[in-house]
$ cat data_20.cif   # mmCIF, N, CA and C atoms
data_my_file
loop_
_atom_site.label_atom_id
_atom_site.label_comp_id
_atom_site.auth_asym_id
_atom_site.auth_seq_id
_atom_site.Cartn_x
_atom_site.Cartn_y
_atom_site.Cartn_z
N MET A 10 21.19 -41.19 -2.74
CA MET A 10 21.29 -40.62 -4.07
C MET A 10 20.49 -41.50 -5.03
N ILE A 11 19.77 -40.86 -5.92
CA ILE A 11 18.93 -41.57 -6.88
C ILE A 11 19.77 -41.96 -8.10
N SER A 12 19.58 -43.18 -8.56
CA SER A 12 20.33 -43.65 -9.71
C SER A 12 19.73 -43.10 -11.00
N LEU A 13 20.50 -43.14 -12.07
CA LEU A 13 20.03 -42.66 -13.36
C LEU A 13 18.81 -43.46 -13.81
N LEU A 14 18.84 -44.76 -13.61
CA LEU A 14 17.71 -45.62 -13.98
C LEU A 14 16.44 -45.21 -13.24
N GLU A 15 16.58 -44.96 -11.93
CA GLU A 15 15.43 -44.55 -11.13
C GLU A 15 14.91 -43.18 -11.58
N ALA A 16 15.81 -42.29 -11.94
CA ALA A 16 15.40 -40.95 -12.38
C ALA A 16 14.65 -41.02 -13.71
N ILE A 17 15.15 -41.79 -14.65
CA ILE A 17 14.53 -41.89 -15.97
C ILE A 17 13.19 -42.62 -15.90
N PHE A 18 13.13 -43.67 -15.13
CA PHE A 18 11.92 -44.48 -15.06
C PHE A 18 11.16 -44.31 -13.75
N SER A 19 11.26 -43.12 -13.17
CA SER A 19 10.61 -42.87 -11.88
C SER A 19 9.10 -43.09 -11.95
N PHE A 20 8.49 -42.86 -13.11
CA PHE A 20 7.06 -43.07 -13.24
C PHE A 20 6.66 -44.53 -13.06
N LEU A 21 7.60 -45.45 -13.25
CA LEU A 21 7.31 -46.87 -13.02
C LEU A 21 7.26 -47.21 -11.54
N PHE A 22 8.00 -46.44 -10.74
CA PHE A 22 8.08 -46.71 -9.30
C PHE A 22 7.07 -45.89 -8.50
N ASP A 23 6.60 -44.78 -9.06
CA ASP A 23 5.66 -43.90 -8.37
C ASP A 23 4.41 -43.73 -9.23
N PRO A 24 3.30 -44.35 -8.83
CA PRO A 24 2.09 -44.29 -9.66
C PRO A 24 1.48 -42.89 -9.76
N THR A 25 1.92 -41.93 -8.95
CA THR A 25 1.38 -40.57 -9.04
C THR A 25 2.05 -39.74 -10.13
N LEU A 26 3.13 -40.25 -10.72
CA LEU A 26 3.84 -39.52 -11.78
C LEU A 26 3.33 -39.92 -13.15
N ASP A 27 3.25 -38.94 -14.03
CA ASP A 27 2.84 -39.21 -15.41
C ASP A 27 3.99 -39.85 -16.18
N ALA A 28 3.64 -40.67 -17.15
CA ALA A 28 4.65 -41.31 -17.99
C ALA A 28 4.97 -40.47 -19.22
N THR A 29 4.28 -39.36 -19.40
CA THR A 29 4.52 -38.50 -20.56
C THR A 29 4.77 -37.07 -20.09
N ASN A 30 5.15 -36.23 -21.03
CA ASN A 30 5.36 -34.82 -20.72
C ASN A 30 4.16 -33.99 -21.18
N TRP A 31 2.99 -34.62 -21.28
CA TRP A 31 1.80 -33.94 -21.77
C TRP A 31 1.49 -32.68 -20.98
N ARG A 32 1.57 -32.74 -19.65
CA ARG A 32 1.25 -31.57 -18.82
C ARG A 32 2.19 -30.40 -19.13
N ALA A 33 3.46 -30.69 -19.31
CA ALA A 33 4.42 -29.63 -19.63
C ALA A 33 4.14 -29.05 -21.02
N GLU A 34 3.86 -29.91 -21.99
CA GLU A 34 3.54 -29.45 -23.33
C GLU A 34 2.27 -28.60 -23.32
N HIS A 35 1.28 -29.03 -22.57
CA HIS A 35 0.02 -28.31 -22.46
C HIS A 35 0.23 -26.94 -21.81
N ALA A 36 1.11 -26.88 -20.81
CA ALA A 36 1.40 -25.62 -20.12
C ALA A 36 2.10 -24.63 -21.04
N LEU A 37 2.89 -25.12 -21.99
CA LEU A 37 3.61 -24.25 -22.92
C LEU A 37 2.75 -23.73 -24.07
N ARG A 38 1.62 -24.37 -24.29
CA ARG A 38 0.79 -24.04 -25.45
C ARG A 38 0.45 -22.55 -25.58
N PRO A 39 -0.01 -21.87 -24.52
CA PRO A 39 -0.33 -20.45 -24.68
C PRO A 39 0.86 -19.61 -25.15
N ALA A 40 2.04 -19.90 -24.65
CA ALA A 40 3.23 -19.15 -25.07
C ALA A 40 3.56 -19.43 -26.53
N VAL A 41 3.39 -20.66 -26.96
CA VAL A 41 3.66 -21.02 -28.37
C VAL A 41 2.66 -20.32 -29.28
N ILE A 42 1.39 -20.30 -28.90
CA ILE A 42 0.37 -19.63 -29.70
C ILE A 42 0.67 -18.14 -29.79
N ALA A 43 1.03 -17.52 -28.66
CA ALA A 43 1.36 -16.10 -28.66
C ALA A 43 2.54 -15.82 -29.58
N ARG A 44 3.55 -16.67 -29.54
CA ARG A 44 4.72 -16.49 -30.39
C ARG A 44 4.34 -16.58 -31.86
N LYS A 45 3.48 -17.53 -32.20
CA LYS A 45 3.14 -17.75 -33.59
C LYS A 45 2.17 -16.71 -34.14
N THR A 46 1.37 -16.11 -33.28
CA THR A 46 0.38 -15.16 -33.77
C THR A 46 0.80 -13.71 -33.60
N CYS A 47 1.91 -13.46 -32.98
CA CYS A 47 2.37 -12.07 -32.73
C CYS A 47 3.62 -11.75 -33.54
N GLY A 48 3.59 -12.01 -34.82
CA GLY A 48 4.69 -11.62 -35.67
C GLY A 48 5.86 -12.58 -35.70
N GLY A 49 5.68 -13.79 -35.25
CA GLY A 49 6.73 -14.78 -35.37
C GLY A 49 7.73 -14.82 -34.25
N GLY A 50 7.43 -14.17 -33.18
CA GLY A 50 8.34 -14.27 -32.05
C GLY A 50 8.94 -12.95 -31.64
N ASN A 51 9.97 -13.03 -30.88
CA ASN A 51 10.64 -11.84 -30.37
C ASN A 51 11.69 -11.37 -31.37
N ARG A 52 11.94 -10.08 -31.34
CA ARG A 52 12.91 -9.51 -32.26
C ARG A 52 14.32 -9.54 -31.71
N THR A 53 14.45 -9.73 -30.40
CA THR A 53 15.78 -9.75 -29.80
C THR A 53 15.88 -10.90 -28.79
N VAL A 54 17.09 -11.26 -28.46
CA VAL A 54 17.32 -12.28 -27.44
C VAL A 54 16.80 -11.78 -26.10
N HIS A 55 17.02 -10.51 -25.81
CA HIS A 55 16.55 -9.92 -24.55
C HIS A 55 15.02 -10.01 -24.46
N GLY A 56 14.33 -9.74 -25.57
CA GLY A 56 12.88 -9.85 -25.59
C GLY A 56 12.41 -11.27 -25.34
N ALA A 57 13.09 -12.24 -25.93
CA ALA A 57 12.75 -13.64 -25.72
C ALA A 57 12.96 -14.06 -24.27
N GLN A 58 14.06 -13.60 -23.67
CA GLN A 58 14.32 -13.92 -22.27
C GLN A 58 13.29 -13.29 -21.36
N THR A 59 12.90 -12.06 -21.65
CA THR A 59 11.89 -11.37 -20.86
C THR A 59 10.56 -12.10 -20.93
N GLN A 60 10.15 -12.49 -22.14
CA GLN A 60 8.90 -13.22 -22.31
C GLN A 60 8.95 -14.54 -21.55
N HIS A 61 10.08 -15.21 -21.61
CA HIS A 61 10.26 -16.50 -20.92
C HIS A 61 10.07 -16.34 -19.42
N VAL A 62 10.71 -15.34 -18.84
CA VAL A 62 10.64 -15.12 -17.39
C VAL A 62 9.23 -14.73 -16.97
N LEU A 63 8.61 -13.80 -17.69
CA LEU A 63 7.26 -13.36 -17.33
C LEU A 63 6.25 -14.49 -17.47
N ALA A 64 6.36 -15.28 -18.52
CA ALA A 64 5.44 -16.41 -18.70
C ALA A 64 5.62 -17.44 -17.59
N SER A 65 6.86 -17.66 -17.18
CA SER A 65 7.13 -18.61 -16.10
C SER A 65 6.53 -18.13 -14.78
N ILE A 66 6.69 -16.84 -14.49
CA ILE A 66 6.13 -16.28 -13.26
C ILE A 66 4.61 -16.39 -13.27
N LEU A 67 3.99 -16.03 -14.38
CA LEU A 67 2.53 -16.07 -14.45
C LEU A 67 2.00 -17.50 -14.34
N ARG A 68 2.66 -18.43 -15.00
CA ARG A 68 2.21 -19.84 -14.94
C ARG A 68 2.38 -20.41 -13.53
N THR A 69 3.49 -20.10 -12.89
CA THR A 69 3.72 -20.59 -11.53
C THR A 69 2.68 -20.02 -10.58
N ALA A 70 2.38 -18.74 -10.71
CA ALA A 70 1.35 -18.12 -9.87
C ALA A 70 0.00 -18.79 -10.08
N GLN A 71 -0.33 -19.05 -11.34
CA GLN A 71 -1.60 -19.70 -11.65
C GLN A 71 -1.66 -21.10 -11.04
N GLN A 72 -0.59 -21.88 -11.18
CA GLN A 72 -0.57 -23.24 -10.65
C GLN A 72 -0.66 -23.26 -9.13
N ARG A 73 -0.17 -22.21 -8.48
CA ARG A 73 -0.19 -22.15 -7.01
C ARG A 73 -1.44 -21.47 -6.48
N GLY A 74 -2.33 -21.04 -7.36
CA GLY A 74 -3.55 -20.40 -6.93
C GLY A 74 -3.34 -19.01 -6.37
N LEU A 75 -2.32 -18.31 -6.85
CA LEU A 75 -2.00 -16.97 -6.36
C LEU A 75 -2.58 -15.92 -7.30
N ASP A 76 -2.70 -14.70 -6.82
CA ASP A 76 -3.14 -13.58 -7.63
C ASP A 76 -2.02 -13.23 -8.60
N SER A 77 -2.21 -13.54 -9.88
CA SER A 77 -1.16 -13.35 -10.88
C SER A 77 -0.73 -11.89 -10.99
N THR A 78 -1.67 -10.98 -10.89
CA THR A 78 -1.34 -9.56 -11.00
C THR A 78 -0.45 -9.12 -9.85
N ALA A 79 -0.81 -9.52 -8.63
CA ALA A 79 -0.02 -9.13 -7.46
C ALA A 79 1.40 -9.72 -7.54
N VAL A 80 1.51 -10.96 -7.97
CA VAL A 80 2.82 -11.60 -8.09
C VAL A 80 3.65 -10.90 -9.16
N LEU A 81 3.04 -10.58 -10.29
CA LEU A 81 3.76 -9.92 -11.37
C LEU A 81 4.21 -8.51 -10.95
N VAL A 82 3.35 -7.80 -10.26
CA VAL A 82 3.73 -6.47 -9.77
C VAL A 82 4.91 -6.57 -8.81
N ALA A 83 4.87 -7.54 -7.89
CA ALA A 83 5.98 -7.72 -6.94
C ALA A 83 7.28 -8.04 -7.68
N ALA A 84 7.18 -8.88 -8.72
CA ALA A 84 8.39 -9.24 -9.48
C ALA A 84 8.95 -8.04 -10.23
N LEU A 85 8.08 -7.24 -10.82
CA LEU A 85 8.54 -6.10 -11.61
C LEU A 85 9.05 -4.95 -10.74
N GLN A 86 8.59 -4.88 -9.48
CA GLN A 86 9.03 -3.82 -8.58
C GLN A 86 10.26 -4.21 -7.77
N ALA A 87 10.68 -5.46 -7.85
CA ALA A 87 11.86 -5.89 -7.08
C ALA A 87 13.09 -5.13 -7.58
N PRO A 88 13.92 -4.64 -6.67
CA PRO A 88 15.09 -3.86 -7.09
C PRO A 88 16.15 -4.69 -7.80
N ARG A 89 16.11 -5.99 -7.61
CA ARG A 89 17.06 -6.90 -8.26
C ARG A 89 16.38 -8.25 -8.43
N PRO A 90 16.88 -9.12 -9.28
CA PRO A 90 16.27 -10.44 -9.44
C PRO A 90 16.25 -11.19 -8.10
N VAL A 91 15.11 -11.75 -7.75
CA VAL A 91 14.93 -12.40 -6.46
C VAL A 91 13.83 -13.46 -6.58
N VAL A 92 13.92 -14.49 -5.76
CA VAL A 92 12.83 -15.47 -5.67
C VAL A 92 11.74 -14.82 -4.82
N LEU A 93 10.58 -14.68 -5.38
CA LEU A 93 9.49 -13.99 -4.69
C LEU A 93 9.05 -14.73 -3.43
N ASP A 94 8.62 -13.98 -2.43
CA ASP A 94 8.14 -14.59 -1.18
C ASP A 94 7.00 -15.56 -1.46
N ALA A 95 6.13 -15.23 -2.41
CA ALA A 95 4.98 -16.09 -2.73
C ALA A 95 5.43 -17.46 -3.24
N PHE A 96 6.65 -17.54 -3.78
CA PHE A 96 7.16 -18.81 -4.31
C PHE A 96 8.07 -19.54 -3.33
N GLN A 97 8.30 -18.98 -2.14
CA GLN A 97 9.18 -19.58 -1.16
C GLN A 97 8.53 -20.78 -0.46
N SER A 98 7.23 -20.72 -0.27
CA SER A 98 6.54 -21.79 0.48
C SER A 98 6.03 -22.86 -0.49
N ALA A 99 5.57 -23.96 0.10
CA ALA A 99 5.02 -25.06 -0.70
C ALA A 99 3.74 -24.60 -1.37
N PRO A 100 3.45 -25.12 -2.57
CA PRO A 100 2.24 -24.73 -3.28
C PRO A 100 0.97 -25.09 -2.49
N ARG A 101 -0.05 -24.24 -2.63
CA ARG A 101 -1.37 -24.54 -2.04
C ARG A 101 -2.17 -25.33 -3.04
N HIS A 102 -2.87 -26.37 -2.56
CA HIS A 102 -3.74 -27.15 -3.47
C HIS A 102 -5.12 -27.21 -2.93
#
$ encode --input "data_20.cif" --output "C-alpha cells"
Amino acid sequence: MISLLEAIFSFLFDPTLDATNWRAEHALRPAVIARKTCGGGNRTVHGAQTQHVLASILRTAQQRGLDSTAVLVAALQAPRPVVLDAFQSAPRH
C-alpha cells in the first residue's frame, strides 16, 4: 500500500512524473473555451453532465490514438452506460 506522503510527492520518487498539473489544465482548455464562448455554459445540470462525459470520451480517444468518431458513435449507440471496448486495453503509444 502506498503511503500518503508517497502519493503526494510521487513526482520526487519517479522522474517520469510531472511536478505540476499543467498537462491536465492544458487538456481542459478546449472545454473551458467552449463554455466561455457558447453563451456562458450549460443551461441545465443534465447538459453539463452530458458535455462532461462527451468531452472525456473524445479526449481519451484522442490520447489513445483512436478514431474519435467511431468511439463516440459506439458510446452513443450503447444500450446502457458501459466502458467501451476501445478503452478496455492499455493505451497505444
$ atom_distance --input "data_20.cif" --atom1 "atom CA of Ala33 of chain A" --atom2 "atom CA of Ile17 of chain A"
16.3 Å
$ closest_residue --input "data_20.cif" --among "A:Ser98, A:Thr59, A:Arg68, A:Ser12" --to "Ala36 of chain A" --atoms "all atoms listed in the file"
A:Arg68
$ atom_distance --input "data_20.cif" --atom1 "atom CA of Ala87 of chain A" --atom2 "atom CA of Ala40 of chain A"
24.0 Å
$ resolve_selection --input "data_20.cif" --expression "the PyMOL selection byres (((chain A and resi 80 and name CA) around 12) and name CA)" --output "list in words"
Leu63, Ala64, Ser65, Ile66, Leu67, Arg68, Thr69, Ala70, Gln71, Arg73, Gly74, Leu75, Asp76, Ser77, Thr78, Ala79, Leu81, Val82, Ala83, Ala84, Leu85, Gln86, Ala87, Val92, Leu93, Asp94, Ala95 and Phe96 of chain A
$ select_by_dssp --input "data_20.cif" --residues "chain A" --states "helix (DSSP H, G or I)" --output "PyMOL selection string"
chain A and resi 13-17+19-22+31-46+54-72+77-86+94-96
$ atom_distance --input "data_20.cif" --atom1 "atom N of Phe20 of chain A" --atom2 "atom CA of Ile42 of chain A"
29.7 Å
